[in-house]
file model33.cif (mmCIF, C-alpha atoms and all ligand atoms)
data_structure
#
loop_
_atom_site.label_atom_id
_atom_site.label_comp_id
_atom_site.auth_asym_id
_atom_site.auth_seq_id
_atom_site.Cartn_x
_atom_site.Cartn_y
_atom_site.Cartn_z
CA MET A 14 0.00 0.00 0.00
CA GLN A 15 1.36 3.46 -0.92
CA ASP A 16 2.06 5.85 1.92
CA PRO A 17 -0.54 8.61 1.35
CA VAL A 18 1.53 11.22 3.16
CA GLN A 19 4.83 10.55 1.37
CA THR A 20 3.08 10.32 -2.02
CA THR A 21 1.19 13.56 -1.49
CA ALA A 22 4.28 15.35 -0.19
CA GLU A 23 6.19 14.21 -3.28
CA ASN A 24 3.42 15.43 -5.60
CA ILE A 25 3.38 18.79 -3.82
CA ARG A 26 7.18 19.10 -4.00
CA LYS A 27 7.19 18.34 -7.71
CA LEU A 28 4.29 20.75 -8.35
CA LYS A 29 2.07 17.96 -9.65
CA ILE A 30 -0.26 19.53 -7.10
CA GLN A 31 0.02 23.28 -7.45
CA GLY A 32 -1.47 26.39 -5.84
CA ALA A 33 -2.11 26.98 -2.14
CA ARG A 34 -5.71 25.73 -2.06
CA ASN A 35 -5.02 22.55 -4.00
CA ILE A 36 -2.02 21.87 -1.78
CA ALA A 37 -4.07 22.31 1.41
CA ILE A 38 -6.88 20.14 0.01
CA ALA A 39 -4.43 17.37 -0.90
CA ALA A 40 -2.78 17.55 2.53
CA ALA A 41 -6.14 17.35 4.35
CA LYS A 42 -7.10 14.32 2.25
CA ALA A 43 -3.71 12.69 2.85
CA ILE A 44 -4.00 12.97 6.60
CA GLU A 45 -7.52 11.55 6.44
CA THR A 46 -6.29 8.55 4.41
CA LEU A 47 -3.40 8.07 6.84
CA ALA A 48 -5.83 8.02 9.74
CA ARG A 49 -8.06 5.49 8.00
CA GLN A 50 -5.08 3.20 7.32
CA THR A 51 -3.46 3.58 10.72
CA LYS A 52 -2.08 0.60 12.60
CA ALA A 53 -1.59 2.66 15.77
CA GLN A 54 -2.74 0.81 18.87
CA ASP A 55 -3.32 3.73 21.17
CA ARG A 56 -3.96 7.46 21.26
CA LYS A 57 -0.31 8.33 21.85
CA ALA A 58 0.93 6.36 18.83
CA PHE A 59 -1.87 7.78 16.68
CA ALA A 60 -1.05 11.37 17.71
CA LYS A 61 2.62 10.73 16.90
CA GLU A 62 1.69 9.53 13.41
CA LEU A 63 -0.40 12.64 12.77
CA SER A 64 2.31 14.93 13.99
CA GLU A 65 4.92 13.23 11.76
CA ALA A 66 2.55 13.52 8.79
CA LYS A 67 2.18 17.24 9.49
CA ARG A 68 5.95 17.63 9.55
CA VAL A 69 6.44 15.78 6.24
CA LEU A 70 3.64 17.56 4.40
CA SER A 71 4.55 21.02 5.71
CA ALA A 72 8.16 20.52 4.60
CA ALA A 73 7.07 19.76 1.03
CA ARG A 74 6.62 23.48 0.34
CA GLU A 75 7.57 25.97 2.99
CA THR A 76 5.54 29.00 1.87
CA GLU A 77 2.15 27.35 2.40
CA PRO A 78 0.47 28.45 5.65
CA LEU A 79 -2.98 27.34 4.43
CA MET A 80 -1.73 23.75 4.42
CA ARG A 81 -0.07 24.17 7.81
CA ASN A 82 -3.19 25.79 9.29
CA ALA A 83 -5.41 23.04 7.85
CA LEU A 84 -3.27 20.27 9.34
CA ARG A 85 -3.00 22.07 12.63
CA TRP A 86 -6.75 22.58 12.84
CA ILE A 87 -7.49 18.93 12.06
CA ILE A 88 -4.90 17.70 14.57
CA ASN A 89 -6.22 20.16 17.17
CA GLN A 90 -9.59 18.41 17.05
CA VAL A 91 -7.87 15.16 18.06
CA GLU A 92 -5.78 16.82 20.75
CA ASN A 93 -8.80 18.58 22.22
CA SER A 94 -10.92 15.44 22.30
CA LYS A 95 -11.13 13.14 25.31
CA GLN A 96 -11.49 10.04 23.13
CA ILE A 97 -9.06 7.22 23.84
CA ARG A 98 -10.01 4.69 21.19
CA VAL A 99 -8.10 4.95 17.93
CA LYS A 100 -11.24 4.14 15.95
CA ALA A 101 -13.04 7.15 17.42
CA LEU A 102 -10.03 9.38 16.78
CA THR A 103 -9.84 8.19 13.17
CA LYS A 104 -13.48 9.17 12.73
CA LEU A 105 -12.68 12.56 14.21
CA VAL A 106 -9.87 13.13 11.72
CA SER A 107 -12.21 12.18 8.86
CA GLU A 108 -14.93 14.51 10.06
CA SER A 109 -12.52 17.36 10.68
CA SER A 110 -10.85 16.96 7.32
CA ARG A 111 -14.24 17.00 5.59
CA GLN A 112 -15.32 19.99 7.63
CA PHE A 113 -12.18 21.85 6.58
CA LEU A 114 -12.80 21.04 2.90
CA THR A 115 -16.44 22.13 3.12
CA ASP A 116 -15.46 25.41 4.80
CA LEU A 117 -12.84 26.01 2.12
CA GLU A 118 -15.44 25.41 -0.58
CA ARG A 119 -17.84 27.85 1.09
CA SER A 120 -15.13 30.46 1.41
CA MET A 121 -14.38 30.24 -2.29
CA GLU A 122 -18.07 30.67 -3.13
CA LYS A 123 -18.23 33.77 -0.94
CA ILE A 124 -15.03 35.18 -2.41
CA ALA A 125 -16.37 34.64 -5.94
CA LYS A 126 -19.65 36.32 -5.05
CA ILE A 127 -17.99 39.35 -3.45
CA GLY A 128 -15.14 39.70 -5.93
CA GLY A 129 -17.40 39.07 -8.90
CA LYS A 130 -19.16 42.37 -8.22
CA ARG A 131 -15.95 44.16 -9.12
CA ILE A 132 -16.00 42.67 -12.61
CA THR A 133 -17.99 44.78 -14.97
CA ASP A 134 -18.92 44.38 -18.61
CA ALA A 135 -16.24 45.30 -21.11
CA SER A 136 -13.55 45.32 -18.44
CA THR A 137 -10.07 43.87 -18.74
CA ILE A 138 -8.67 41.88 -15.83
CA LEU A 139 -5.00 41.01 -15.50
CA THR A 140 -3.88 38.02 -13.48
CA HIS A 141 -0.58 36.27 -12.78
CA CYS A 142 0.26 32.59 -12.27
CA HIS A 143 -2.53 30.08 -11.68
CA SER A 144 -4.78 30.70 -8.73
CA SER A 145 -7.80 28.41 -8.49
CA THR A 146 -9.55 31.14 -6.49
CA VAL A 147 -9.02 33.69 -9.27
CA THR A 148 -10.09 31.34 -12.06
CA TYR A 149 -13.18 30.25 -10.09
CA LEU A 150 -14.20 33.88 -9.57
CA LEU A 151 -13.69 34.63 -13.27
CA ARG A 152 -15.61 31.55 -14.39
CA LYS A 153 -18.49 32.47 -12.09
CA ALA A 154 -18.55 36.00 -13.51
CA LYS A 155 -18.67 34.51 -16.99
CA GLN A 156 -21.61 32.30 -15.97
CA GLU A 157 -23.39 35.50 -14.97
CA GLU A 158 -22.90 36.54 -18.59
CA LYS A 159 -20.52 39.34 -17.87
CA ALA A 160 -18.56 40.24 -21.00
CA PHE A 161 -15.02 40.86 -19.81
CA ASN A 162 -11.64 39.73 -21.01
CA VAL A 163 -8.52 38.57 -19.26
CA ILE A 164 -4.83 39.10 -19.77
CA CYS A 165 -2.64 36.50 -18.10
CA THR A 166 1.09 36.38 -17.77
CA GLU A 167 2.80 33.15 -18.77
CA THR A 168 4.58 33.06 -15.36
CA ARG A 169 8.16 31.99 -15.76
CA PRO A 170 9.83 29.67 -15.08
CA LEU A 171 7.14 26.99 -14.94
CA PHE A 172 4.41 28.62 -17.04
CA GLN A 173 1.50 28.28 -14.63
CA GLY A 174 -0.08 31.12 -16.67
CA ARG A 175 -0.72 28.55 -19.38
CA LEU A 176 -2.93 26.62 -16.95
CA THR A 177 -4.88 29.82 -16.36
CA ALA A 178 -5.09 30.57 -20.09
CA LYS A 179 -6.29 27.04 -20.87
CA GLU A 180 -8.89 27.01 -18.11
CA LEU A 181 -10.27 30.43 -19.04
CA THR A 182 -10.41 29.87 -22.80
CA GLU A 183 -12.14 26.53 -22.19
CA SER A 184 -14.71 28.46 -20.18
CA GLY A 185 -15.29 30.80 -23.10
CA ILE A 186 -13.54 33.82 -21.55
CA PRO A 187 -11.61 35.88 -24.12
CA THR A 188 -8.03 35.56 -22.88
CA THR A 189 -4.69 36.97 -23.99
CA LEU A 190 -1.39 35.49 -22.87
CA ILE A 191 1.63 37.79 -22.46
CA VAL A 192 5.21 37.28 -21.28
CA ASP A 193 5.75 38.44 -17.70
CA SER A 194 7.89 41.40 -18.73
CA ALA A 195 5.09 42.78 -20.94
CA ALA A 196 2.94 43.63 -17.92
CA ARG A 197 3.71 47.37 -18.14
CA CYS A 198 2.95 47.49 -21.89
CA PHE A 199 -0.58 46.32 -21.23
CA MET A 200 -1.31 47.86 -17.85
CA ASN A 201 -2.92 51.04 -19.22
CA ALA A 202 -5.55 48.84 -20.86
CA VAL A 203 -6.24 46.94 -17.65
CA ASP A 204 -9.13 47.90 -15.34
CA LEU A 205 -8.34 45.56 -12.49
CA VAL A 206 -5.55 43.25 -11.39
CA ILE A 207 -6.62 40.18 -9.42
CA VAL A 208 -4.09 37.71 -8.06
CA GLY A 209 -4.16 34.88 -5.55
CA ALA A 210 -2.08 34.47 -2.40
CA ASP A 211 0.06 31.85 -0.77
CA ALA A 212 0.54 33.68 2.50
CA ILE A 213 -0.60 36.82 4.29
CA THR A 214 1.60 38.24 7.02
CA SER A 215 0.50 39.94 10.24
CA GLU A 216 1.41 43.29 8.64
CA GLY A 217 -0.92 42.65 5.73
CA ASN A 218 1.77 41.95 3.17
CA VAL A 219 0.94 39.24 0.66
CA ILE A 220 3.20 36.50 -0.64
CA ASN A 221 2.34 35.11 -4.04
CA LYS A 222 4.10 33.76 -7.14
CA ILE A 223 7.36 35.45 -8.04
CA GLY A 224 6.62 38.50 -10.18
CA THR A 225 3.45 39.48 -8.32
CA SER A 226 5.13 42.38 -6.53
CA THR A 227 6.45 43.75 -9.84
CA ILE A 228 2.93 43.66 -11.24
CA ALA A 229 1.69 45.48 -8.13
CA LEU A 230 4.30 48.21 -8.65
CA VAL A 231 3.37 48.52 -12.29
CA ALA A 232 -0.35 48.65 -11.41
CA ASN A 233 0.36 51.34 -8.84
CA GLU A 234 2.26 53.42 -11.36
CA ALA A 235 -0.59 53.08 -13.87
CA ARG A 236 -3.23 53.75 -11.16
CA THR A 237 -4.83 50.36 -11.78
CA PRO A 238 -6.55 48.78 -8.74
CA PHE A 239 -4.72 45.70 -7.48
CA TYR A 240 -6.73 43.10 -5.51
CA VAL A 241 -5.77 39.86 -3.82
CA VAL A 242 -8.27 37.01 -3.44
CA SER A 243 -7.55 34.78 -0.49
CA GLU A 244 -9.11 32.62 2.20
CA LEU A 245 -8.34 34.05 5.64
CA LEU A 246 -6.50 30.88 6.62
CA LYS A 247 -3.63 31.83 4.34
CA PHE A 248 -2.64 34.10 7.22
CA ASP A 249 0.60 32.91 8.80
CA PRO A 250 0.46 33.20 12.62
CA ALA A 251 4.25 32.79 12.86
CA THR A 252 4.62 36.29 11.40
CA VAL A 253 2.90 37.76 14.47
CA SER A 254 5.79 36.78 16.68
CA GLY A 255 8.41 38.24 14.38
CA ASP A 256 9.23 35.41 11.99
CA TYR A 257 9.49 36.30 8.33
CA GLU A 258 7.51 34.14 5.95
CA LYS A 259 10.03 31.75 4.42
CA ILE A 260 10.28 32.09 0.67
CA GLU A 261 10.82 28.79 -1.07
CA GLU A 262 13.81 28.73 -3.38
CA ARG A 263 13.49 26.11 -6.11
CA SER A 264 16.00 24.30 -8.28
CA PRO A 265 17.96 26.35 -10.87
CA ASP A 266 17.11 23.54 -13.36
CA GLU A 267 13.65 25.05 -13.66
CA ILE A 268 15.26 28.11 -15.24
CA TRP A 269 18.06 26.64 -17.35
CA LYS A 270 18.70 22.92 -17.68
CA LYS A 271 22.27 23.14 -18.98
CA PRO A 272 23.64 26.52 -17.92
CA PRO A 273 27.25 27.62 -18.53
CA LYS A 274 29.71 26.73 -15.81
CA ASN A 275 30.16 29.16 -12.93
CA LEU A 276 26.82 30.83 -13.53
CA THR A 277 24.72 31.52 -10.46
CA ILE A 278 21.01 31.06 -10.99
CA ARG A 279 18.51 32.08 -8.31
CA ASN A 280 14.95 30.79 -8.39
CA PRO A 281 12.72 32.11 -5.59
CA ALA A 282 9.18 30.79 -6.06
CA PHE A 283 7.40 33.72 -4.41
CA ASP A 284 7.79 37.37 -3.56
CA VAL A 285 6.29 39.82 -1.08
CA THR A 286 3.84 42.49 -2.17
CA ARG A 287 3.70 45.28 0.38
CA ARG A 288 0.31 46.19 1.73
CA ASN A 289 0.59 49.77 0.41
CA PHE A 290 0.17 48.40 -3.12
CA ILE A 291 -2.90 46.31 -2.35
CA HIS A 292 -6.33 47.94 -2.70
CA GLY A 293 -8.01 45.16 -0.81
CA ILE A 294 -7.97 41.52 0.15
CA ILE A 295 -11.12 39.82 -1.09
CA CYS A 296 -11.80 37.11 1.46
CA GLU A 297 -14.80 35.20 2.83
CA GLU A 298 -15.46 38.09 5.26
CA GLY A 299 -15.71 40.66 2.48
CA ILE A 300 -13.21 43.07 1.01
CA ILE A 301 -10.87 44.00 3.83
CA SER A 302 -7.88 46.28 4.00
CA PRO A 303 -4.57 44.42 4.36
CA GLN A 304 -3.96 46.43 7.57
CA SER A 305 -6.98 44.85 9.23
CA ILE A 306 -5.94 41.23 8.72
CA THR A 307 -4.75 40.52 12.27
CA ALA A 308 -7.91 41.99 13.80
CA VAL A 309 -10.08 39.96 11.43
CA MET A 310 -8.15 36.79 12.28
CA HIS A 311 -8.59 37.44 16.01
CA ARG A 312 -12.32 37.67 15.40
CA LYS A 313 -12.74 34.75 13.00
CA HIS A 314 -10.00 32.29 13.93
CA PRO A 315 -8.78 33.04 17.48
CA TRP A 316 -7.37 29.48 17.79
CA ILE A 317 -4.67 30.38 15.32
CA PHE A 318 -2.94 32.64 17.88
CA GLN A 319 -2.80 30.00 20.61
C1 LIG A 401 0.75 29.30 -7.21
C2 LIG A 401 0.40 30.69 -6.81
C3 LIG A 401 -1.06 31.02 -6.64
C4 LIG A 401 -1.42 30.87 -5.16
C5 LIG A 401 -2.91 30.99 -4.92
O1 LIG A 401 2.13 29.05 -7.13
O2 LIG A 401 1.24 31.52 -6.58
O3 LIG A 401 -1.33 32.33 -7.03
O4 LIG A 401 -0.99 29.61 -4.66
O5 LIG A 401 -3.58 29.91 -5.53
P1 LIG A 401 2.67 27.57 -7.45
P2 LIG A 401 -4.99 29.41 -4.99
O6 LIG A 401 2.25 27.23 -8.84
O7 LIG A 401 4.14 27.66 -7.28
O8 LIG A 401 2.05 26.64 -6.43
O9 LIG A 401 -5.91 30.58 -5.17
O10 LIG A 401 -5.34 28.26 -5.90
O11 LIG A 401 -4.84 29.02 -3.59
#
call {"tool": "encode", "arguments": {"input": "model33.cif", "output": "C-alpha cells"}}
result
Amino acid sequence: MQDPVQTTAENIRKLKIQGARNIAIAAAKAIETLARQTKAQDRKAFAKELSEAKRVLSAARETEPLMRNALRWIINQVENSKQIRVKALTKLVSESSRQFLTDLERSMEKIAKIGGKRITDASTILTHCHSSTVTYLLRKAKQEEKAFNVICTETRPLFQGRLTAKELTESGIPTTLIVDSAARCFMNAVDLVIVGADAITSEGNVINKIGTSTIALVANEARTPFYVVSELLKFDPATVSGDYEKIEERSPDEIWKKPPKNLTIRNPAFDVTRRNFIHGIICEEGIISPQSITAVMHRKHPWIFQ
C-alpha cells in the first residue's frame, strides 16, 4: 500500500499539485487517508503519526500556511478530544478533514460572489500565475454573462499562466497570454488586477508567485486597482511573533537545464507584495484592508494565535 503522506508530499514538492488551495486540500485528504489506514494501537501512537505527517507535508513546500493551518486545525480536534479509542479518533480526523474542505469550498463561493461584483462588462482583468480562487471567480462572472476579457502572464519559469489561459479559454472567456515582462505594456488597458495568495503576514503583506510584486508596482504606477483574493487561513500566525515568511527557493534547473559553468542562478518561487500596493484583500469576510488582517483573524480564527 502506498504511503498517502509521502506520495502527497512528493506530488506537492514536484508541483504535480500546485497552488495553495489545491495543496491544502491534498494535505487534508492525505491525513484523512493516513488516519483510516493507521495501525496505531493507542492514542499516543496515533497522535505521533499525525504529527509526523504534518511535519512531512509542511516541509514539502515551505511558503504554504494554508496547508499548515489546515493540518493544525485537524490535529487540534484530536488533541482537544477526550477520546481514547483509535477508531473514534480516526473518525474525528475524517470529520474534521471533511469539515475543513467544506469550509474552504464555502469560502471560495463567498469570495467569488464578493469579488465578482468588481467585474464589470467590457472590463479587462490582469492576473498572474494560476490561482484556483481567481479562475473560479472569473468563471463564475462569466456564468453571470458578464462580458469581460482577461490578460494573463505566462509566469516563468514553470508557465502556470498557461494553466490559467487554458482554463479560461475553455470556459469561453476571451483571454490573452503575455510574457511576464510585458505587464507594463498592457497595464494602461487593464481595469483591475486580481491575483491569488500563498501567504498573508500579520502586517498585511501578501506573498504570491514570483513577479506578483512587480505587477503590483506597475499597477500602482498606472493607477490600476490591485486586488488579492484569499481565504483568511492563508494568514501565517508565525509572522505575528516576528518570523518572516520563508520564501521557497526552487531548483535552478527550472530556469536553465544546462547553464554555462560558474553561472549563479537564483529561483525564488514567491515574492512579497507590500500592503501599500494592495487595494483590498477579497476574502470570505468581504473586502478587507490588508492592515486589518490581524484583527479579522482574532475575530474569525482566534485558535490560530494559541
Ligand atoms: C501558485 C500561486 C497562486 C497561489 C494561490 O504558485 O502563486 O497564485 O498559490 O492559488 P505555485 P490558490 O504554482 O508555485 O504553487 O488561489 O489556488 O490558492
call {"tool": "residues_around", "arguments": {"input": "model33.cif", "residues": "region 93-107 of chain A", "least_positions_apart": "6", "cutoff": "12 Å", "atoms": "only C-alpha atoms", "output": "ChimeraX atom specification"}}
result
/A:41-60,62-63,83-87,113-114,316
call {"tool": "closest_residue", "arguments": {"input": "model33.cif", "among": "A:Ala33, A:Ala251, A:Leu70, A:Cys165", "to": "Leu117 (chain A)", "atoms": "only C-alpha atoms"}}
result
A:Ala33
call {"tool": "closest_residue", "arguments": {"input": "model33.cif", "among": "A:Ala40, A:Leu171, A:Met80, A:Ala210", "to": "ligand LIG 401 (chain A)", "atoms": "all atoms listed in the file"}}
result
A:Ala210
call {"tool": "residues_near_ligand", "arguments": {"input": "model33.cif", "ligand": "ligand LIG 401 (chain A)", "cutoff": "10 Å", "atoms": "only C-alpha atoms and all ligand atoms", "output": "number ranges by chain"}}
result
A: 25-38, 74, 76-77, 79, 121, 140-150, 168, 170-174, 176, 207-212, 220-225, 241-244, 247, 261, 263, 281-284
call {"tool": "closest_residue", "arguments": {"input": "model33.cif", "among": "A:Lys130, A:Arg287, A:Lys274, A:Arg197", "to": "Leu151 (chain A)", "atoms": "all atoms listed in the file"}}
result
A:Lys130
call {"tool": "atom_distance", "arguments": {"input": "model33.cif", "atom1": "CA of Ile213 (chain A)", "atom2": "CA of Ile228 (chain A)"}}
result
17.3 Å
call {"tool": "closest_residue", "arguments": {"input": "model33.cif", "among": "A:Asn201, A:Ser109, A:Ser305, A:Asn289", "to": "Tyr240 (chain A)", "atoms": "only C-alpha atoms"}}
result
A:Asn289
call {"tool": "atom_distance", "arguments": {"input": "model33.cif", "atom1": "CA of Ile268 (chain A)", "atom2": "CA of Ile138 (chain A)"}}
result
27.6 Å
call {"tool": "residues_around", "arguments": {"input": "model33.cif", "residues": "Ile291 (chain A)", "least_positions_apart": "5", "cutoff": "8 Å", "atoms": "only C-alpha atoms", "output": "list in words"}}
result
Ala229, Pro238, Phe239, Tyr240, Val241, Thr286 and Pro303 of chain A
